[in-house]
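Colleague: This is the content of upload-v8.pdb (PDB, C-alpha atoms):
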ATOM      1  CA  MET A 151     -10.706  11.421 -18.919
ATOM      2  CA  ILE A 152     -10.359   9.659 -15.572
ATOM      3  CA  ASP A 153      -8.110   6.683 -14.897
ATOM      4  CA  VAL A 154      -9.630   5.004 -11.843
ATOM      5  CA  HIS A 155      -6.799   2.542 -11.215
ATOM      6  CA  ALA A 156      -3.055   2.957 -11.684
ATOM      7  CA  HIS A 157       0.240   2.235  -9.937
ATOM      8  CA  MET A 158       2.408   5.199 -10.857
ATOM      9  CA  ASN A 159       4.609   4.508  -7.828
ATOM     10  CA  ASP A 160       5.835   1.300  -9.506
ATOM     11  CA  ALA A 161       9.601   1.006  -9.948
ATOM     12  CA  ARG A 162       9.185   0.966 -13.727
ATOM     13  CA  PHE A 163       8.477   4.697 -13.540
ATOM     14  CA  ASP A 164      11.479   5.558 -11.347
ATOM     15  CA  GLU A 165      13.629   6.971 -14.144
ATOM     16  CA  ASP A 166      11.060   9.295 -15.710
ATOM     17  CA  ARG A 167       8.082   9.499 -13.351
ATOM     18  CA  ALA A 168       7.919  13.297 -13.220
ATOM     19  CA  GLU A 169       8.011  13.553 -17.024
ATOM     20  CA  ILE A 170       5.298  10.919 -17.506
ATOM     21  CA  LEU A 171       3.059  12.539 -14.890
ATOM     22  CA  ARG A 172       3.440  15.882 -16.645
ATOM     23  CA  GLU A 173       2.589  14.316 -20.020
ATOM     24  CA  ILE A 174      -0.476  12.598 -18.551
ATOM     25  CA  LYS A 175      -1.831  15.862 -17.204
ATOM     26  CA  GLU A 176      -1.097  17.708 -20.456
ATOM     27  CA  ALA A 177      -2.873  14.940 -22.400
ATOM     28  CA  GLY A 178      -6.129  15.760 -20.632
ATOM     29  CA  ILE A 179      -6.307  13.101 -17.938
ATOM     30  CA  ALA A 180      -8.329  15.090 -15.438
ATOM     31  CA  ARG A 181      -8.123  12.649 -12.521
ATOM     32  CA  LEU A 182      -6.059   9.568 -11.734
ATOM     33  CA  ILE A 183      -6.581   7.275  -8.747
ATOM     34  CA  ASN A 184      -3.344   5.641  -7.684
ATOM     35  CA  SER A 185      -3.806   2.449  -5.714
ATOM     36  CA  GLY A 186      -1.681   1.104  -2.894
ATOM     37  CA  CYS A 187      -1.101  -2.613  -2.344
ATOM     38  CA  CYS A 188       1.011  -2.806   0.812
ATOM     39  CA  LEU A 189       1.806  -0.373   3.601
ATOM     40  CA  MET A 190       4.917   0.911   1.818
ATOM     41  CA  SER A 191       3.205   1.418  -1.536
ATOM     42  CA  CYS A 192       0.326   3.153   0.240
ATOM     43  CA  LYS A 193       2.816   5.663   1.640
ATOM     44  CA  ASP A 194       4.229   6.193  -1.859
ATOM     45  CA  THR A 195       0.698   6.643  -3.190
ATOM     46  CA  LEU A 196      -0.074   9.366  -0.660
ATOM     47  CA  LYS A 197       3.148  11.146  -1.581
ATOM     48  CA  LEU A 198       2.138  11.146  -5.267
ATOM     49  CA  ALA A 199      -1.289  12.501  -4.361
ATOM     50  CA  GLU A 200       0.217  15.277  -2.268
ATOM     51  CA  GLU A 201       2.613  16.303  -5.039
ATOM     52  CA  ASN A 202       0.146  16.176  -7.974
ATOM     53  CA  ASP A 203      -3.177  17.963  -7.852
ATOM     54  CA  TYR A 204      -4.925  15.572 -10.272
ATOM     55  CA  ILE A 205      -3.857  12.377  -8.454
ATOM     56  CA  TYR A 206      -6.003  10.820  -5.725
ATOM     57  CA  ALA A 207      -5.329   7.799  -3.550
ATOM     58  CA  ALA A 208      -6.854   4.402  -2.900
ATOM     59  CA  ILE A 209      -5.349   2.939   0.263
ATOM     60  CA  GLY A 210      -5.608  -0.747   1.170
ATOM     61  CA  ILE A 211      -3.803  -4.064   1.449
ATOM     62  CA  HIS A 212      -3.787  -6.377  -1.577
ATOM     63  CA  PRO A 213      -4.553 -10.064  -0.864
ATOM     64  CA  GLN A 214      -1.013 -11.073  -1.761
ATOM     65  CA  GLU A 215       0.310  -8.494   0.716
ATOM     66  CA  ALA A 216      -1.949  -9.580   3.601
ATOM     67  CA  ALA A 217       1.121 -10.452   5.677
ATOM     68  CA  ASP A 218       1.420  -6.713   6.346
ATOM     69  CA  LEU A 219      -1.724  -6.980   8.459
ATOM     70  CA  GLU A 220      -1.458 -10.597   9.601
ATOM     71  CA  LEU A 221       2.059 -10.146  11.012
ATOM     72  CA  GLY A 222       1.960  -6.414  11.684
ATOM     73  CA  GLY A 223      -0.775  -6.612  14.268
ATOM     74  CA  GLU A 224      -2.329  -3.562  15.851
ATOM     75  CA  ALA A 225       0.507  -1.278  14.759
ATOM     76  CA  ALA A 226      -0.035  -2.118  11.078
ATOM     77  CA  TRP A 227      -3.806  -1.717  11.377
ATOM     78  CA  ASN A 228      -3.387   1.670  13.045
ATOM     79  CA  GLU A 229      -0.973   2.740  10.310
ATOM     80  CA  LEU A 230      -3.585   1.806   7.708
ATOM     81  CA  LEU A 231      -6.229   3.782   9.605
ATOM     82  CA  GLU A 232      -3.991   6.829   9.761
ATOM     83  CA  MET A 233      -3.357   6.779   6.020
ATOM     84  CA  LEU A 234      -7.066   6.346   5.246
ATOM     85  CA  ALA A 235      -7.738   9.619   7.047
ATOM     86  CA  HIS A 236      -5.693  11.578   4.491
ATOM     87  CA  PRO A 237      -7.876  14.149   2.669
ATOM     88  CA  LYS A 238      -6.914  12.879  -0.797
ATOM     89  CA  VAL A 239      -7.980   9.298  -0.096
ATOM     90  CA  VAL A 240     -11.105   8.518  -2.127
ATOM     91  CA  ALA A 241     -11.315   4.729  -1.746
ATOM     92  CA  LEU A 242     -10.171   1.724   0.231
ATOM     93  CA  GLY A 243      -8.235  -0.587  -2.050
ATOM     94  CA  GLU A 244      -7.054  -2.480  -3.682
ATOM     95  CA  ILE A 245      -8.300  -5.383  -1.588
ATOM     96  CA  GLY A 246      -9.825  -8.745  -2.407
ATOM     97  CA  LEU A 247      -8.804 -12.301  -3.300
ATOM     98  CA  ASP A 248      -6.099 -13.698  -5.568
ATOM     99  CA  TYR A 249      -6.012 -17.466  -6.000
ATOM    100  CA  TYR A 250      -3.696 -17.337  -9.019
ATOM    101  CA  TYR A 251      -0.704 -17.052  -6.691
ATOM    102  CA  GLU A 252      -0.444 -19.041  -3.456
ATOM    103  CA  ASN A 253       1.892 -16.698  -1.578
ATOM    104  CA  VAL A 254      -0.789 -16.098   1.055
ATOM    105  CA  SER A 255      -3.247 -18.768   2.199
ATOM    106  CA  ARG A 256      -6.847 -18.422   1.130
ATOM    107  CA  PRO A 257      -8.193 -18.240   4.703
ATOM    108  CA  ILE A 258      -5.823 -15.338   5.480
ATOM    109  CA  GLN A 259      -6.848 -13.557   2.279
ATOM    110  CA  ARG A 260     -10.527 -13.927   3.118
ATOM    111  CA  LYS A 261      -9.977 -12.777   6.697
ATOM    112  CA  TRP A 262      -8.401  -9.480   5.711
ATOM    113  CA  PHE A 263     -10.705  -8.936   2.752
ATOM    114  CA  CYS A 264     -13.663  -9.063   5.142
ATOM    115  CA  ALA A 265     -11.926  -6.906   7.752
ATOM    116  CA  GLN A 266     -11.179  -4.185   5.211
ATOM    117  CA  LEU A 267     -14.708  -4.308   3.797
ATOM    118  CA  GLU A 268     -16.041  -3.737   7.304
ATOM    119  CA  LEU A 269     -13.609  -0.860   7.730
ATOM    120  CA  ALA A 270     -14.707   0.713   4.431
ATOM    121  CA  GLU A 271     -18.329   0.552   5.553
ATOM    122  CA  LYS A 272     -17.438   2.198   8.840
ATOM    123  CA  LEU A 273     -15.505   4.970   7.064
ATOM    124  CA  ASP A 274     -18.123   5.308   4.287
ATOM    125  CA  LEU A 275     -15.503   4.765   1.583
ATOM    126  CA  PRO A 276     -16.007   3.033  -1.765
ATOM    127  CA  VAL A 277     -13.923  -0.097  -2.300
ATOM    128  CA  VAL A 278     -11.590  -1.121  -5.124
ATOM    129  CA  ILE A 279     -11.601  -4.901  -5.421
ATOM    130  CA  HIS A 280      -8.996  -7.204  -6.930
ATOM    131  CA  SER A 281     -10.394 -10.651  -7.794
ATOM    132  CA  ARG A 282      -8.277 -13.132  -9.715
ATOM    133  CA  ASP A 283      -9.332 -16.761 -10.135
ATOM    134  CA  ALA A 284     -11.568 -16.257  -7.095
ATOM    135  CA  MET A 285     -14.873 -14.948  -8.395
ATOM    136  CA  GLN A 286     -17.195 -17.312  -6.532
ATOM    137  CA  ASP A 287     -15.593 -16.569  -3.158
ATOM    138  CA  THR A 288     -15.540 -12.865  -4.013
ATOM    139  CA  LEU A 289     -19.258 -12.916  -4.758
ATOM    140  CA  GLU A 290     -19.991 -14.846  -1.578
ATOM    141  CA  ILE A 291     -18.140 -12.284   0.525
ATOM    142  CA  LEU A 292     -19.798  -9.340  -1.229
ATOM    143  CA  ARG A 293     -23.216 -10.877  -0.575
ATOM    144  CA  ALA A 294     -22.271 -11.057   3.113
ATOM    145  CA  HIS A 295     -21.346  -7.341   3.096
ATOM    146  CA  PRO A 296     -24.345  -5.713   1.395
ATOM    147  CA  ASN A 297     -23.608  -2.192   2.607
ATOM    148  CA  ASN A 298     -20.351  -1.818   0.706
ATOM    149  CA  ARG A 299     -20.057  -0.211  -2.727
ATOM    150  CA  GLY A 300     -17.321   0.272  -5.297
ATOM    151  CA  ILE A 301     -15.718  -1.356  -8.327
ATOM    152  CA  LEU A 302     -14.166  -4.635  -9.310
ATOM    153  CA  HIS A 303     -11.115  -3.289 -11.057
ATOM    154  CA  CYS A 304      -9.682  -4.818 -14.230
ATOM    155  CA  TYR A 305     -12.695  -7.097 -14.262
ATOM    156  CA  SER A 306     -11.759 -10.519 -15.634
ATOM    157  CA  GLY A 307     -14.843 -12.605 -14.854
ATOM    158  CA  SER A 308     -17.597 -13.919 -17.063
ATOM    159  CA  VAL A 309     -20.738 -12.190 -18.256
ATOM    160  CA  GLU A 310     -22.702 -14.426 -15.885
ATOM    161  CA  SER A 311     -20.645 -13.258 -12.895
ATOM    162  CA  LEU A 312     -20.987  -9.676 -14.110
ATOM    163  CA  ARG A 313     -24.753  -9.982 -13.853
ATOM    164  CA  GLU A 314     -24.431 -11.120 -10.242
ATOM    165  CA  ILE A 315     -22.105  -8.215  -9.477
ATOM    166  CA  LEU A 316     -24.570  -5.761 -10.968
ATOM    167  CA  LYS A 317     -27.395  -7.243  -8.890
ATOM    168  CA  LEU A 318     -25.322  -6.560  -5.779
ATOM    169  CA  GLY A 319     -24.991  -2.898  -6.777
ATOM    170  CA  TRP A 320     -21.317  -2.924  -7.756
ATOM    171  CA  SER A 321     -19.625  -1.425 -10.805
ATOM    172  CA  ILE A 322     -16.603  -2.539 -12.813
ATOM    173  CA  SER A 323     -13.635  -0.914 -14.491
ATOM    174  CA  LEU A 324     -12.056  -2.130 -17.715
ATOM    175  CA  GLY A 325      -8.616  -1.511 -19.147
ATOM    176  CA  GLY A 326      -6.246  -2.590 -21.869
ATOM    177  CA  VAL A 327      -7.289  -6.258 -21.952
ATOM    178  CA  VAL A 328     -10.509  -5.319 -23.758
ATOM    179  CA  THR A 329      -8.406  -4.275 -26.764
ATOM    180  CA  PHE A 330      -6.547  -7.610 -27.055
ATOM    181  CA  LYS A 331      -7.464  -9.553 -30.184
ATOM    182  CA  ASN A 332      -8.006 -12.811 -28.267
ATOM    183  CA  ALA A 333      -9.956 -11.239 -25.381
ATOM    184  CA  ARG A 334     -13.373 -12.628 -26.320
ATOM    185  CA  VAL A 335     -14.818 -12.663 -22.798
ATOM    186  CA  ALA A 336     -13.591  -9.151 -21.993
ATOM    187  CA  LYS A 337     -15.276  -7.866 -25.141
ATOM    188  CA  GLU A 338     -18.498  -9.672 -24.223
ATOM    189  CA  VAL A 339     -18.375  -8.077 -20.776
ATOM    190  CA  ALA A 340     -17.799  -4.620 -22.262
ATOM    191  CA  ALA A 341     -20.762  -5.053 -24.565
ATOM    192  CA  GLU A 342     -22.967  -6.265 -21.690
ATOM    193  CA  VAL A 343     -22.164  -3.882 -18.847
ATOM    194  CA  PRO A 344     -24.546  -0.900 -18.561
ATOM    195  CA  LEU A 345     -22.724   2.355 -19.183
ATOM    196  CA  ASP A 346     -23.776   3.744 -15.821
ATOM    197  CA  ARG A 347     -21.863   0.918 -14.093
ATOM    198  CA  LEU A 348     -18.608   1.242 -16.051
ATOM    199  CA  MET A 349     -15.344   3.115 -15.515
ATOM    200  CA  LEU A 350     -12.001   3.179 -17.335
ATOM    201  CA  GLU A 351      -8.608   2.233 -15.957
ATOM    202  CA  THR A 352      -5.100   1.389 -17.041
ATOM    203  CA  ASP A 353      -3.693  -0.666 -14.114
ATOM    204  CA  SER A 354      -0.452   0.906 -15.294
ATOM    205  CA  PRO A 355       2.317  -0.036 -15.696
ATOM    206  CA  TYR A 356       0.584  -3.328 -16.507
ATOM    207  CA  LEU A 357      -1.702  -4.458 -19.351
ATOM    208  CA  ALA A 358      -0.995  -1.836 -21.994
ATOM    209  CA  PRO A 359      -3.652  -1.897 -24.734
ATOM    210  CA  GLU A 360      -3.171  -2.559 -28.410
ATOM    211  CA  PRO A 361      -1.205  -1.196 -30.237
ATOM    212  CA  ASN A 362       1.198  -0.920 -27.302
ATOM    213  CA  ARG A 363       0.658  -4.344 -25.782
ATOM    214  CA  GLY A 364       3.731  -5.584 -23.932
ATOM    215  CA  LYS A 365       5.092  -2.111 -23.294
ATOM    216  CA  ARG A 366       4.902  -0.096 -20.091
ATOM    217  CA  ASN A 367       1.383   1.197 -19.669
ATOM    218  CA  SER A 368       0.228   4.646 -18.521
ATOM    219  CA  ALA A 369      -2.879   6.809 -18.671
ATOM    220  CA  LEU A 370      -1.619   8.114 -22.014
ATOM    221  CA  ASN A 371      -3.068   4.874 -23.440
ATOM    222  CA  LEU A 372      -6.548   5.349 -21.978
ATOM    223  CA  PRO A 373      -8.041   6.631 -25.270
ATOM    224  CA  TYR A 374      -7.410   3.216 -26.867
ATOM    225  CA  VAL A 375      -9.595   1.613 -24.193
ATOM    226  CA  ALA A 376     -12.364   4.174 -24.689
ATOM    227  CA  LYS A 377     -12.228   3.679 -28.474
ATOM    228  CA  MET A 378     -12.608  -0.101 -28.258
ATOM    229  CA  ILE A 379     -15.468   0.076 -25.760
ATOM    230  CA  ALA A 380     -17.191   2.655 -27.957
ATOM    231  CA  GLU A 381     -16.975   0.265 -30.914
ATOM    232  CA  LEU A 382     -18.425  -2.569 -28.843
ATOM    233  CA  LYS A 383     -21.211  -0.310 -27.573
ATOM    234  CA  GLY A 384     -22.014   1.281 -30.917
ATOM    235  CA  THR A 385     -21.312   4.789 -29.692
ATOM    236  CA  THR A 386     -18.462   7.327 -29.734
ATOM    237  CA  PRO A 387     -15.304   7.488 -27.632
ATOM    238  CA  GLU A 388     -16.414  10.953 -26.486
ATOM    239  CA  GLU A 389     -19.629   9.488 -25.111
ATOM    240  CA  ILE A 390     -17.747   6.724 -23.311
ATOM    241  CA  GLU A 391     -15.368   9.266 -21.818
ATOM    242  CA  ARG A 392     -18.210  11.519 -20.675
ATOM    243  CA  ILE A 393     -20.265   8.811 -18.993
ATOM    244  CA  THR A 394     -17.371   6.973 -17.358
ATOM    245  CA  ASP A 395     -16.002  10.269 -16.042
ATOM    246  CA  GLU A 396     -19.398  11.070 -14.521
ATOM    247  CA  ASN A 397     -19.523   7.619 -12.945
ATOM    248  CA  ALA A 398     -16.056   8.019 -11.434
ATOM    249  CA  MET A 399     -16.747  11.480 -10.049
ATOM    250  CA  LYS A 400     -19.963  10.235  -8.467
ATOM    251  CA  MET A 401     -18.451   7.069  -7.013
ATOM    252  CA  PHE A 402     -15.228   8.553  -5.658
ATOM    253  CA  LYS A 403     -16.425  12.089  -4.895
ATOM    254  CA  MET A 404     -13.266  13.747  -6.212
ATOM    255  CA  ALA A 405     -12.974  17.519  -6.039
TER     256      ALA A 405
END
I'd like the structure from this file rewritten - as structure tokens, please.

Modeller:
Amino acid sequence: MIDVHAHMNDARFDEDRAEILREIKEAGIARLINSGCCLMSCKDTLKLAEENDYIYAAIGIHPQEAADLELGGEAAWNELLEMLAHPKVVALGEIGLDYYYENVSRPIQRKWFCAQLELAEKLDLPVVIHSRDAMQDTLEILRAHPNNRGILHCYSGSVESLREILKLGWSISLGGVVTFKNARVAKEVAAEVPLDRLMLETDSPYLAPEPNRGKRNSALNLPYVAKMIAELKGTTPEEIERITDENAMKMFKMA
């Protein structure tokens, strides 16, 4: 199985990170893409990728961390460029828009979302997008950047927005939310999305699936996500694992 979005550098793993990473590998997680959010977490992500053969890196600046680029100027941009050149980087992300929090103004978020999309196109890297309470602006920006490709991770939009995303050539990844009993829209999305445009993620340590909701999440919980999607699709977890793994390998070109 492949977890296309995790944050194993999070402080909640500080006490037992090495043990958890060993358990994840032994459990059959063949690849894991760890995503940076700020310049510091991107450095931590590269360190994890260097130390663990099955971990790959997504490097980018999250919308709520856009001050790294807005205040850091040319030096910060050059630091980002240097990290993106690392051989284990398979995507630029996570980047996007987050209107749930107002820590960073919307114009600044949009500015650096567009700048990083343009950079991803130049570097021919797929993009991992974070979009929270900002789907219409996200879609507008993606329409203005038709040469980019990638996933909207932990997709939380409607089925109607999903259809627009698919028209633009993007894929989505789903995680633990699809298992929540009250997650009607997430289940509708899982039933609707074509299998060739779907990948699995955990967003660990966040959003652990049932029956572990509320606990620290990790790729050890990924089978619960595959099982629920299989039920919604009328197929088997093994088939979900096979197809989503193929999609991830194709999108991110992991060795």

Colleague: Please evaluate the PyMOL selection byres ((chain A and resi 271) around 10) against the structure above and give the resulting residues as a compact mmCIF listing (two decimals) with C-alpha atoms, keeping the file's coordinate frame.

Modeller:
# COMPACT_ATOMS: atom_id res chain seq x y z
CA LEU A 242 -10.17 1.72 0.23
CA GLN A 266 -11.18 -4.18 5.21
CA LEU A 267 -14.71 -4.31 3.80
CA GLU A 268 -16.04 -3.74 7.30
CA LEU A 269 -13.61 -0.86 7.73
CA ALA A 270 -14.71 0.71 4.43
CA LYS A 272 -17.44 2.20 8.84
CA LEU A 273 -15.50 4.97 7.06
CA ASP A 274 -18.12 5.31 4.29
CA LEU A 275 -15.50 4.76 1.58
CA PRO A 276 -16.01 3.03 -1.76
CA VAL A 277 -13.92 -0.10 -2.30
CA HIS A 295 -21.35 -7.34 3.10
CA PRO A 296 -24.34 -5.71 1.40
CA ASN A 297 -23.61 -2.19 2.61
CA ASN A 298 -20.35 -1.82 0.71
CA ARG A 299 -20.06 -0.21 -2.73

Colleague: Tell me which residues the PyMOL selection byres ((chain A and resi 194) around 10) grabs here, as a compact mmCIF listing (two decimals) with C-alpha atoms, keeping the file's coordinate frame.

Modeller:
# COMPACT_ATOMS: atom_id res chain seq x y z
CA HIS A 157 0.24 2.24 -9.94
CA MET A 158 2.41 5.20 -10.86
CA ASN A 159 4.61 4.51 -7.83
CA ASP A 160 5.84 1.30 -9.51
CA ASN A 184 -3.34 5.64 -7.68
CA SER A 185 -3.81 2.45 -5.71
CA GLY A 186 -1.68 1.10 -2.89
CA CYS A 188 1.01 -2.81 0.81
CA LEU A 189 1.81 -0.37 3.60
CA MET A 190 4.92 0.91 1.82
CA SER A 191 3.20 1.42 -1.54
CA CYS A 192 0.33 3.15 0.24
CA LYS A 193 2.82 5.66 1.64
CA THR A 195 0.70 6.64 -3.19
CA LEU A 196 -0.07 9.37 -0.66
CA LYS A 197 3.15 11.15 -1.58
CA LEU A 198 2.14 11.15 -5.27
CA ALA A 199 -1.29 12.50 -4.36
CA GLU A 200 0.22 15.28 -2.27
CA ALA A 207 -5.33 7.80 -3.55

Colleague: Taking 6 positions as the minimum chain separation for residues in the same chain, which residues sit within 12 Å of segment 382-391 of chain A when counting only C-alpha atoms? Answer as a PDB file with C-alpha atoms, in the frame of the given file.

Modeller:
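Generated file (selection06.pdb):
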ATOM      1  CA  MET A 151     -10.706  11.421 -18.919  1.00  0.00           C
ATOM      2  CA  ILE A 152     -10.359   9.659 -15.572  1.00  0.00           C
ATOM      3  CA  ASP A 153      -8.110   6.683 -14.897  1.00  0.00           C
ATOM      4  CA  GLY A 178      -6.129  15.760 -20.632  1.00  0.00           C
ATOM      5  CA  ILE A 179      -6.307  13.101 -17.938  1.00  0.00           C
ATOM      6  CA  ALA A 180      -8.329  15.090 -15.438  1.00  0.00           C
ATOM      7  CA  LEU A 324     -12.056  -2.130 -17.715  1.00  0.00           C
ATOM      8  CA  VAL A 328     -10.509  -5.319 -23.758  1.00  0.00           C
ATOM      9  CA  THR A 329      -8.406  -4.275 -26.764  1.00  0.00           C
ATOM     10  CA  ARG A 334     -13.373 -12.628 -26.320  1.00  0.00           C
ATOM     11  CA  ALA A 336     -13.591  -9.151 -21.993  1.00  0.00           C
ATOM     12  CA  LYS A 337     -15.276  -7.866 -25.141  1.00  0.00           C
ATOM     13  CA  GLU A 338     -18.498  -9.672 -24.223  1.00  0.00           C
ATOM     14  CA  VAL A 339     -18.375  -8.077 -20.776  1.00  0.00           C
ATOM     15  CA  ALA A 340     -17.799  -4.620 -22.262  1.00  0.00           C
ATOM     16  CA  ALA A 341     -20.762  -5.053 -24.565  1.00  0.00           C
ATOM     17  CA  GLU A 342     -22.967  -6.265 -21.690  1.00  0.00           C
ATOM     18  CA  VAL A 343     -22.164  -3.882 -18.847  1.00  0.00           C
ATOM     19  CA  PRO A 344     -24.546  -0.900 -18.561  1.00  0.00           C
ATOM     20  CA  LEU A 345     -22.724   2.355 -19.183  1.00  0.00           C
ATOM     21  CA  ASP A 346     -23.776   3.744 -15.821  1.00  0.00           C
ATOM     22  CA  ARG A 347     -21.863   0.918 -14.093  1.00  0.00           C
ATOM     23  CA  LEU A 348     -18.608   1.242 -16.051  1.00  0.00           C
ATOM     24  CA  MET A 349     -15.344   3.115 -15.515  1.00  0.00           C
ATOM     25  CA  LEU A 350     -12.001   3.179 -17.335  1.00  0.00           C
ATOM     26  CA  GLU A 351      -8.608   2.233 -15.957  1.00  0.00           C
ATOM     27  CA  LEU A 372      -6.548   5.349 -21.978  1.00  0.00           C
ATOM     28  CA  PRO A 373      -8.041   6.631 -25.270  1.00  0.00           C
ATOM     29  CA  TYR A 374      -7.410   3.216 -26.867  1.00  0.00           C
ATOM     30  CA  VAL A 375      -9.595   1.613 -24.193  1.00  0.00           C
ATOM     31  CA  ALA A 376     -12.364   4.174 -24.689  1.00  0.00           C
ATOM     32  CA  ASN A 397     -19.523   7.619 -12.945  1.00  0.00           C
ATOM     33  CA  ALA A 398     -16.056   8.019 -11.434  1.00  0.00           C
TER      34      ALA A 398
END

Colleague: Identify all residues satisfying the PyMOL selection byres ((chain A and resi 238) around 7) in the given file; provide them as a list in words.

Modeller: Ala199, Tyr206, Ala207, His236, Pro237, Val239 and Val240 of chain A

Colleague: With only C-alpha atoms as the counted atoms, please give the residues lying no more than 12 Å from segment 254-261 of chain A, apart from itself and same-chain residues fewer than 4 positions off, as an mmCIF file with C-alpha atoms, in the frame of the given file.

Modeller:
data_model
loop_
_atom_site.group_PDB
_atom_site.id
_atom_site.type_symbol
_atom_site.label_atom_id
_atom_site.label_comp_id
_atom_site.auth_asym_id
_atom_site.auth_seq_id
_atom_site.Cartn_x
_atom_site.Cartn_y
_atom_site.Cartn_z
ATOM 1 C CA ILE A 211 -3.803 -4.064 1.449
ATOM 2 C CA HIS A 212 -3.787 -6.377 -1.577
ATOM 3 C CA PRO A 213 -4.553 -10.064 -0.864
ATOM 4 C CA GLN A 214 -1.013 -11.073 -1.761
ATOM 5 C CA GLU A 215 0.310 -8.494 0.716
ATOM 6 C CA ALA A 216 -1.949 -9.580 3.601
ATOM 7 C CA ALA A 217 1.121 -10.452 5.677
ATOM 8 C CA ASP A 218 1.420 -6.713 6.346
ATOM 9 C CA LEU A 219 -1.724 -6.980 8.459
ATOM 10 C CA GLU A 220 -1.458 -10.597 9.601
ATOM 11 C CA LEU A 221 2.059 -10.146 11.012
ATOM 12 C CA ILE A 245 -8.300 -5.383 -1.588
ATOM 13 C CA GLY A 246 -9.825 -8.745 -2.407
ATOM 14 C CA LEU A 247 -8.804 -12.301 -3.300
ATOM 15 C CA ASP A 248 -6.099 -13.698 -5.568
ATOM 16 C CA TYR A 249 -6.012 -17.466 -6.000
ATOM 17 C CA TYR A 250 -3.696 -17.337 -9.019
ATOM 18 C CA ALA A 265 -11.926 -6.906 7.752
ATOM 19 C CA GLN A 266 -11.179 -4.185 5.211
ATOM 20 C CA LEU A 267 -14.708 -4.308 3.797
ATOM 21 C CA GLU A 268 -16.041 -3.737 7.304
ATOM 22 C CA HIS A 280 -8.996 -7.204 -6.930
ATOM 23 C CA SER A 281 -10.394 -10.651 -7.794
ATOM 24 C CA ASP A 283 -9.332 -16.761 -10.135
ATOM 25 C CA ALA A 284 -11.568 -16.257 -7.095
ATOM 26 C CA ASP A 287 -15.593 -16.569 -3.158
ATOM 27 C CA THR A 288 -15.540 -12.865 -4.013
ATOM 28 C CA LEU A 289 -19.258 -12.916 -4.758
ATOM 29 C CA GLU A 290 -19.991 -14.846 -1.578
ATOM 30 C CA ILE A 291 -18.140 -12.284 0.525
ATOM 31 C CA LEU A 292 -19.798 -9.340 -1.229
#

Colleague: From the list A:Ile279, A:Leu230, A:Ala168, A:Ala225, which residue is nearest Asn202 of chain A when using all atoms listed in the file?

Modeller: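 The closest residue to Asn202 of chain A is A:Ala168.
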
Colleague: Please indicate the distance in Å from atom CA of His155 of chain A to atom CA of Gly364 of chain A, rounded to one decimal place.

Modeller: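 Pair atom CA of His155 of chain A / atom CA of Gly364 of chain A returns 18.4 Å.
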
Colleague: I'd like the interatomic distance between atom CA of Ile301 of chain A and atom CA of Ser323 of chain A, to a tenth of an Å.

Modeller: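 Computing the Euclidean distance for atom CA of Ile301 of chain A and atom CA of Ser323 of chain A yields 6.5 Å.
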
Colleague: To one decimal place in Å, what is the distance between atom CA of Glu224 of chain A and atom CA of Val278 of chain A?

Modeller: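 Pair atom CA of Glu224 of chain A / atom CA of Val278 of chain A returns 23.1 Å.
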
Colleague: Output, as lines of an AutoDock Vina configuration file, the centre and edge lengths in Å (one decimal) of the axis-aligned box that contains all listed atoms of segment 293-298 of chain A with 6 Å of margin on each side.

Modeller:
center_x = -22.3
center_y = -6.4
center_z = 1.3
size_x = 16.0
size_y = 21.2
size_z = 15.7

Colleague: I'd like to know which of A:Arg172, A:Lys331, A:Arg167, A:Arg162 is closest to Arg366 of chain A, using only C-alpha atoms.

Modeller: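 Closest to Arg366 of chain A of all the choices is A:Arg162.
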
Colleague: Ranking A:Asp353, A:Ser368, A:Met401, A:Asn253 by minimum distance to Trp320 of chain A and counting all atoms listed in the file, which one comes first?

Modeller: A:Met401
